[in-house]
Amino acid sequence: MTTTQLPSRRPAVPATSASPHTPRHRRPGYLREQLSGWGMIAPAAVLLLAFVFLPAILGFGLAFTNARLISPRPVEFVGTDNFARLFADPTFWRALLNVSYFAVVVVPVQSGLALAMALLINKKFRGVNFFRTIYFLPVVTSMVVVSLLWLFMYRKDGLINELLSTFSFGLIQGADWLNDPATAMPAIIALSIWQAAGFHMIIWLAGLQSISGELYEAAQLDGASRWHQFRYVTWPGLKHTRSLVLVTITIQALGLFDQVSVMTQGGPLDSTTTIIYEAVRSGFKQQETSYASAISLVFFVLVLLISAVQRYLTREKD
Amino acid sequence: MNKRFTRILATSIAAAALVGSLGACGKGSASATSDGTSEITMWTHNAGNPEELAAIKSVVDSYNKSGAAKAQIKVQAFPQDSYNDSVVSAAAAGKLPCIVDIDGPNVPNWAWAKYLTPLKLSADLSKNLPSTVAKWEGQTYAVGYYDVALAMLARASDLKAAGVRAATVEKPWTKEEFQDALTKLKALGKWQYPLDMGTAGSGEWLPYAYSPFLQSFGADLINRDGFQSADGTLNGDKAVAWAEWFRGLADQGFMAKKSGKDSTQDFLNNKSGLLYTGSWAADKARTALGKDLVVMPTVDLGNGPKVGGASWQWGVTSGCKNADAAMDYLSYSLKPENLAAVAKATGTIPATDEAAALLPAFAEGGANRIFMEFSRNYAVMRPETPAYPFIATEYGKAVQDILAGADPKTVLDKAVKAIDANIKSNGGYKN
Amino acid sequence: MLVRIVFAAVAAFPIVFMLVSSLKPDQQIFGDMSSVAAFLPIGNISLDNYTAVFDRVPAARFLINSIGVSAVTVVLGIFINSLCAFGLSRMEVRGKRVVFTAILATLIVPFQTLALPLVWWVNQLPYFELNGFSLEISKGWLDTYQVQIIPFIANAFSIYLYHQYFESIPKELDEAARIDGAGWFKIYRQVVMPLAGPATATVAILTFLPAWNSYLWPLMVVQSEELRPVMIGIQYFFQLNVSWGEVMAYASLITVPVVILFIAFQRSFINSIASSGVKG
């Protein structure tokens with residue numbers, strides 16, 4: 001039982017037991033591999049098919065009808081009417097603007113903060129467990145409690161403004177955060193980052209764990225400084241984690257709903273409404289199921305495009 | 001490490017077995033609409049409200065034990081906030097119970113959707129508070145045990161210090177008097193905002209609490225002649241006047257654009273001087289303030305003081321296989337002693353005078369009798385149309401936008417446009 | 001170190017507020033909110049709110065339901081999702097790129113879109129019940145435990161996480177095992193999965209959370225009180241007269257299991273950096 005030296009991350013073409021000239025599908029065990037492979041993929045795939053694809057298609061299909069949540073009238077096919085109405089609705093465009101604003105700020109800031117936190121607790125030192133748990137607490141706390149507290153803190157006479165004026169020696173007078181259309185979104189952004197950074201910290205941690213310690217040792221032997229170690233060992237090693245974090249934060253950011261629903265209900269003056277909030281509002285509260293489905297379909301396509309662009313931009317430049 | 005994985009594998013197999021067995025014994029009993037005979041299910045919205053739930057359960061128990069019970073009633077309680085969503089989902093899946101309770105203004109909508117069947121009760125509903133009987137297109141679909149009323153609460157000591165007369169049912173405050181009272185209260189300098197109208201609320205609170213002011217101005221949510229359009233009613237001059245008055249309260253610093261999360265608590269903690277809330281808060285306030293509490297009618301803004309009407313009501317679903325038993329139970333539950341028991345437990349206004357006579361607080365001269373007067377004299381039902389849920393959301397949003405500073409006419413026009421379009425796309429909500 | 005402490009203070013203060021408020025009566029919670037006292041356990045401190053919670057809500061039952069449902073979802077999920085990721089990353093399977101992309105696409109569908117069609121669809125599915133010695137088949141999964149679990153076992157996020165992690169485990173190990181005569185499942189079980197500790201810990205905690213926090217779905221499909229999870233329980237406190245102290249007490253109660261789980265899995269988050277070699 002010897003420890004072998006870890007090779008570089010992308011090993012060379014794996015040796016096969018047949019000669020290089022045998023076509024792949026003639027390799028012994030090929031059929032077995034196919035079957036085993038499908039056997040392994042199947043349970044998850046079937047579950048996803050049944051419980052995500054099917055209802056999604058049903059749901060998206062409703063976008064082309066005039067279905068209502070509660071209605072004795074039969075459902076009729078109306079083609080693209082819902083979409084025409086959607087694109088003519090200024091609230092939708094405002095929602096789109098809002099989520100874009102949200103995403104553009106949150107994605108870098110939250111992932112950066114999460115990475116910083118992960119780096120801070122990726123060492124072994126006394127009390128590291130304590131810090132790790134504390135950093136994760138915002139994620140675990142119920143949204144009800146979080147929103148109640150932050151609602152109060154954001155008041156004109158609330159904690160946030162008090163802290164601001166204390167730390168700036170009275171220079172900065174805080175605003176009425178949630179009631180001013182200009183500051184409501186930044187307030188929600190701050191709250192969201194605070195709440196979710198811990199979640200992505202965990203993902204970064206898993207990624208950091210997969211970087212071999214020997215690379216760090218080698219770098220240290222070469223006399224690299226902490227910053228150089230980060231730049232040449234850590235950062236490249238996190239390439240895959242990076243794309244995962246980026247994708248999930250973007251999707252979560254574009255799908256912002258909970259905080260808005262509890263704290264501002266889309267206001268003031270539509271400054272915090274989001275695409276999903278509009279979908280839930282029209283689908284569940286206003287009973288316009290088909291319109292909500294149209295919104296969801298547009299959302300889906302939008303996020304698909306953005307993710308595709310992201311993957312393209314961050315693809316492996318091999 | 002290998003051991004660990006085997007352990008995980010074993011756990012998951014055990015878990016799967018657990019799921020299987022849990023599934024077998026875990027299938028809930030909530031919607032057991034057994035074919036007709038011995039048991040029918042009733043859903044209600046008051047899980048987490050032990051007093052109300054206990055009161056309902058005791059009525060059910062006494063019915064079940066009485067020899068005349070046509071079926072055994074089983075109660076399933078849901079939390080209030082999410083109750084409607086649960087019912088709608090069950091309806092979407094085709095699995096509603098026999099008896100449900102419904103928030104009053106939703107009755108026409110559910111009746112139109114054919115969730116409810118018209119009531120055939122042996123009880124006489126003519127003496128009920130009108131706001132406790134829900135009708136649509138000439139048929140009665142739901143009946144309530146109680147109602148609630150909105151009022152203005154204040155401390156007598158504060159009013160005296162500010163030199164403000166306490167409003168009474170005979171002489172409520174006029175618009176000018178209200179303005180005067182607020183100015184004087186603010187001059188006391190005791191609170192940042194003398195008036196608390198619960199502007200942090202959302203959902204059904206917004207139309208329930210603020211559309212009565214709209215109606216007191218002479219406007220309304222929709223033209224009640226036919227319920228086909230809100231144009232001219234919700235966006236007419238009177239409506240704009242209401243909006244400007246409402247926003248003016250915040251602009252002049254009398255009330256917060258967004259109040260605290262619990263207005264009653266803030267009032268009791270002396271963060272405000274005048275509280276606009278419902279009769280459900282009266283007992284709590286009375287316990288805290290004792291004789292210093294004064295309950296006043298809401299403001300007369302031109303067309304008389306108005307308060308919302310109709311609270312939770314009971315109906316029978318159209319898929320019920322034993323409607324006879326359901327109707328029988330409902331008739332039973334409307335007996336005065338039962339109504340009185342429920343109203344007492346919940347601190348609400350009982351639906352009939354007979355029941356009120358059984359409760360000292362609501363009998364003549366009782367501490368809460370005044371709420372009954374409010375309900376009888378001022379209550380206006382929210383529009384009895386299937387379009388109501390949509391109207392409610394549009395109006396709610398309009399209120400929030402108006403408070404946030406948007407131009408009232410624009411906001412109201414937008415709401416009217418949406419409402420009219422919605423009514424049209426539903427074929428006028430005709431049956 | 002100072003930075004760590006600052007971050008910790010920022011992260012922790014709402015939890016402190018929640019815990020402290022759960023000990024105070026309602027009036028004091030709102031009274032204290034305007035000052036630092038909001039975070040201090042002073043004044044009229046007692047456990048009254050907690051006893052009230054158990055009176056108002058079958059909290060123990062809800063906790064058991066949530067723990068059960070979430071745990072089963074996570075455990076089955078770990079198994080099924082890692083298996084899928086293994087097949088997608090380490091085996092030569094025709095069409096796996098397409099399958100993988102399709103699986104990732106499910107990350108994008110917002111749950112609210114799925115909810116209503118899923119309720120209808122789930123109610124069409126047959127259901128097996130053991131009644132004495134006979135196997136009964138009835139229709140509809142509404143109001144059961146499995147409806148809270150099964151739709152959520154397969155999870156694109158977990159698959160993706162495992163996939164990325166597996167990519168970083170060298171394929172030579174598979175070859176070595178195969179030469180030793182191991183079948184694919186054995187490689188999965190004895191070679192790859194044991195090395196995927198951090199990924200498993202990450203997946204466990206990151207899928208437990210959404211399962212624990214699920215609110216919309218149970219609202220729609222669970223009708224009996226015996227089957228409800230903890231998040232529905234919170235709604236019990238928001239009646240006409242809200243009892244904020246009890247809300248805080250309840251919220252504190254339901255935070256505890258997740259924190260415990262997190263602490264238990266923490267160790268796996270940090271490997272020993274010195275020995276990430278491979279034992280042959």
# chains A, B, ... in the order shown; residues from 1 in each chain; ligands from 1

$ closest_atom_pairs --of "chain A" --to "chain B" --cutoff "8 Å" --atoms "only C-alpha atoms" --output "CSV"
residue,atom,partner,partner_atom,distance
A:Leu69,CA,B:Val88,CA,7.8
A:Ile70,CA,B:Ala113,CA,5.8
A:Ser71,CA,B:Ala113,CA,4.8
A:Pro72,CA,B:Ala113,CA,4.8
A:Leu148,CA,B:Lys261,CA,7.7
A:Phe152,CA,B:Gly260,CA,7.5
A:Asn179,CA,B:Ala404,CA,6.8
A:Asp180,CA,B:Ala404,CA,7.5
A:Gln265,CA,B:Ser202,CA,7.9
A:Gly267,CA,B:Asp401,CA,7.3
A:Pro268,CA,B:Ala404,CA,5.8
A:Leu269,CA,B:Asp401,CA,5.4
A:Phe284,CA,B:Asp85,CA,7.9
A:Lys285,CA,B:Thr393,CA,7.2
A:Gln286,CA,B:Phe390,CA,5.1
A:Gln287,CA,B:Phe390,CA,7.6

$ select_by_dssp --residues "range 74-196 of chain C" --states "helix (DSSP H, G or I)" --output "PyMOL selection string"
chain C and resi 74-90+96-105+111-122+146-152+156-167+172-179+184-195

$ interface_residues --of "chain C" --to "chain B" --cutoff "8 Å" --atoms "only C-alpha atoms" --output "JSON, numbers by chain"
{"C": [26, 27, 30, 31, 56, 57, 72, 75, 76, 79, 116, 119, 120, 123, 128, 129, 130, 143, 144, 145, 146, 189, 190, 193, 194, 219, 220, 221, 222, 223, 224, 225, 226, 227, 232, 233, 235, 236, 237, 238, 239, 240, 241, 242]}

$ select_by_dssp --residues "range 3-204 of chain A" --states "strand (DSSP E or B)" --output "ChimeraX atom specification"
/A:3-4,65,77

$ residues_around --residues "range 93-109 of chain C" --least-positions-apart "6" --cutoff "7 Å" --atoms "only C-alpha atoms" --output "list of chain:residue names"
A:Gln34, A:Gly37, A:Val52, A:Ile251, A:Phe300, A:Val303, C:Ala156, C:Phe157

$ write_last_selection --atoms "N, CA, C and O atoms" --output "CSV table (one decimal), in the first residue's frame"
chain,number,residue,atom,x,y,z
A,34,GLN,N,-21.9,0.4,-21.6
A,34,GLN,CA,-23.1,1.2,-22.0
A,34,GLN,C,-24.3,0.8,-21.0
A,34,GLN,O,-24.9,1.7,-20.5
A,37,GLY,N,-23.6,1.9,-17.5
A,37,GLY,CA,-23.7,3.4,-17.5
A,37,GLY,C,-25.1,3.9,-17.5
A,37,GLY,O,-25.6,4.7,-16.6
A,52,VAL,N,-39.8,16.8,-13.1
A,52,VAL,CA,-39.4,18.2,-13.6
A,52,VAL,C,-39.8,18.4,-15.0
A,52,VAL,O,-40.6,19.3,-15.3
A,251,ILE,N,-28.5,32.0,-11.4
A,251,ILE,CA,-29.9,31.5,-11.5
A,251,ILE,C,-30.6,31.9,-10.2
A,251,ILE,O,-31.8,32.3,-10.3
A,300,PHE,N,-37.5,31.2,-18.2
A,300,PHE,CA,-36.7,30.0,-18.5
A,300,PHE,C,-35.8,30.2,-19.7
A,300,PHE,O,-34.6,29.9,-19.6
A,303,VAL,N,-32.9,32.7,-18.7
A,303,VAL,CA,-31.8,32.1,-17.9
A,303,VAL,C,-31.0,31.1,-18.7
A,303,VAL,O,-29.8,31.0,-18.6
C,156,ALA,N,-30.5,18.2,-9.9
C,156,ALA,CA,-29.4,18.5,-10.8
C,156,ALA,C,-28.2,19.1,-10.1
C,156,ALA,O,-27.1,18.9,-10.6
C,157,PHE,N,-28.5,19.9,-9.1
C,157,PHE,CA,-27.4,20.6,-8.4
C,157,PHE,C,-26.4,19.5,-7.8
C,157,PHE,O,-25.2,19.6,-7.9

$ residues_around --residues "Asp220 in chain B" --least-positions-apart "4" --cutoff "8 Å" --atoms "only C-alpha atoms" --output "list in words"
Ser211, Leu214, Gln215, Thr233, Leu234 and Ala239 of chain B

$ write_last_selection --atoms "N, CA, C and O atoms" --output "short mmCIF file (atom, residue, chain, number, x, y, z; two decimals), in the first residue's frame"
data_model
loop_
_atom_site.label_atom_id
_atom_site.label_comp_id
_atom_site.auth_asym_id
_atom_site.auth_seq_id
_atom_site.Cartn_x
_atom_site.Cartn_y
_atom_site.Cartn_z
N SER B 211 -60.46 50.30 1.80
CA SER B 211 -61.54 50.62 0.87
C SER B 211 -62.73 51.24 1.58
O SER B 211 -63.46 52.01 0.95
N LEU B 214 -62.40 54.79 1.09
CA LEU B 214 -62.76 55.10 -0.29
C LEU B 214 -64.27 55.25 -0.41
O LEU B 214 -64.78 56.18 -1.02
N GLN B 215 -64.97 54.31 0.24
CA GLN B 215 -66.42 54.35 0.15
C GLN B 215 -66.99 55.50 0.93
O GLN B 215 -68.01 56.08 0.56
N THR B 233 -65.70 54.79 -11.12
CA THR B 233 -65.94 54.55 -9.71
C THR B 233 -64.64 54.55 -8.94
O THR B 233 -64.49 55.21 -7.92
N LEU B 234 -63.69 53.77 -9.45
CA LEU B 234 -62.42 53.66 -8.75
C LEU B 234 -61.44 54.74 -9.18
O LEU B 234 -60.44 54.99 -8.52
N ALA B 239 -62.64 59.27 -5.89
CA ALA B 239 -61.58 58.30 -5.59
C ALA B 239 -60.24 59.02 -5.51
O ALA B 239 -59.42 58.75 -4.61
#

$ residues_around --residues "Thr298 in chain B" --least-positions-apart "2" --cutoff "7 Å" --atoms "only C-alpha atoms" --output "JSON, numbers by chain"
{"B": [151, 152, 296, 300, 305]}

$ write_last_selection --atoms "N, CA and C atoms" --output "PDB file, in the first residue's frame"
ATOM      1  N   ALA B 151     -62.232  49.988  13.959  1.00  0.00           N
ATOM      2  CA  ALA B 151     -62.499  51.124  14.844  1.00  0.00           C
ATOM      3  C   ALA B 151     -61.220  51.896  15.078  1.00  0.00           C
ATOM      4  N   MET B 152     -61.383  53.034  15.724  1.00  0.00           N
ATOM      5  CA  MET B 152     -60.223  53.823  16.134  1.00  0.00           C
ATOM      6  C   MET B 152     -60.062  53.671  17.639  1.00  0.00           C
ATOM      7  N   MET B 296     -63.561  54.219  19.377  1.00  0.00           N
ATOM      8  CA  MET B 296     -64.306  55.210  18.615  1.00  0.00           C
ATOM      9  C   MET B 296     -64.630  54.706  17.225  1.00  0.00           C
ATOM     10  N   ASP B 300     -65.972  59.873   9.410  1.00  0.00           N
ATOM     11  CA  ASP B 300     -66.958  60.130   8.368  1.00  0.00           C
ATOM     12  C   ASP B 300     -66.333  61.091   7.364  1.00  0.00           C
ATOM     13  N   PRO B 305     -69.477  57.144   8.135  1.00  0.00           N
ATOM     14  CA  PRO B 305     -68.367  56.230   8.426  1.00  0.00           C
ATOM     15  C   PRO B 305     -68.648  54.876   7.803  1.00  0.00           C
TER      16      PRO B 305
END

$ closest_residue --among "C:Ile153, C:Val69, C:Val259, C:Cys84" --to "chain A" --atoms "only C-alpha atoms"
C:Cys84
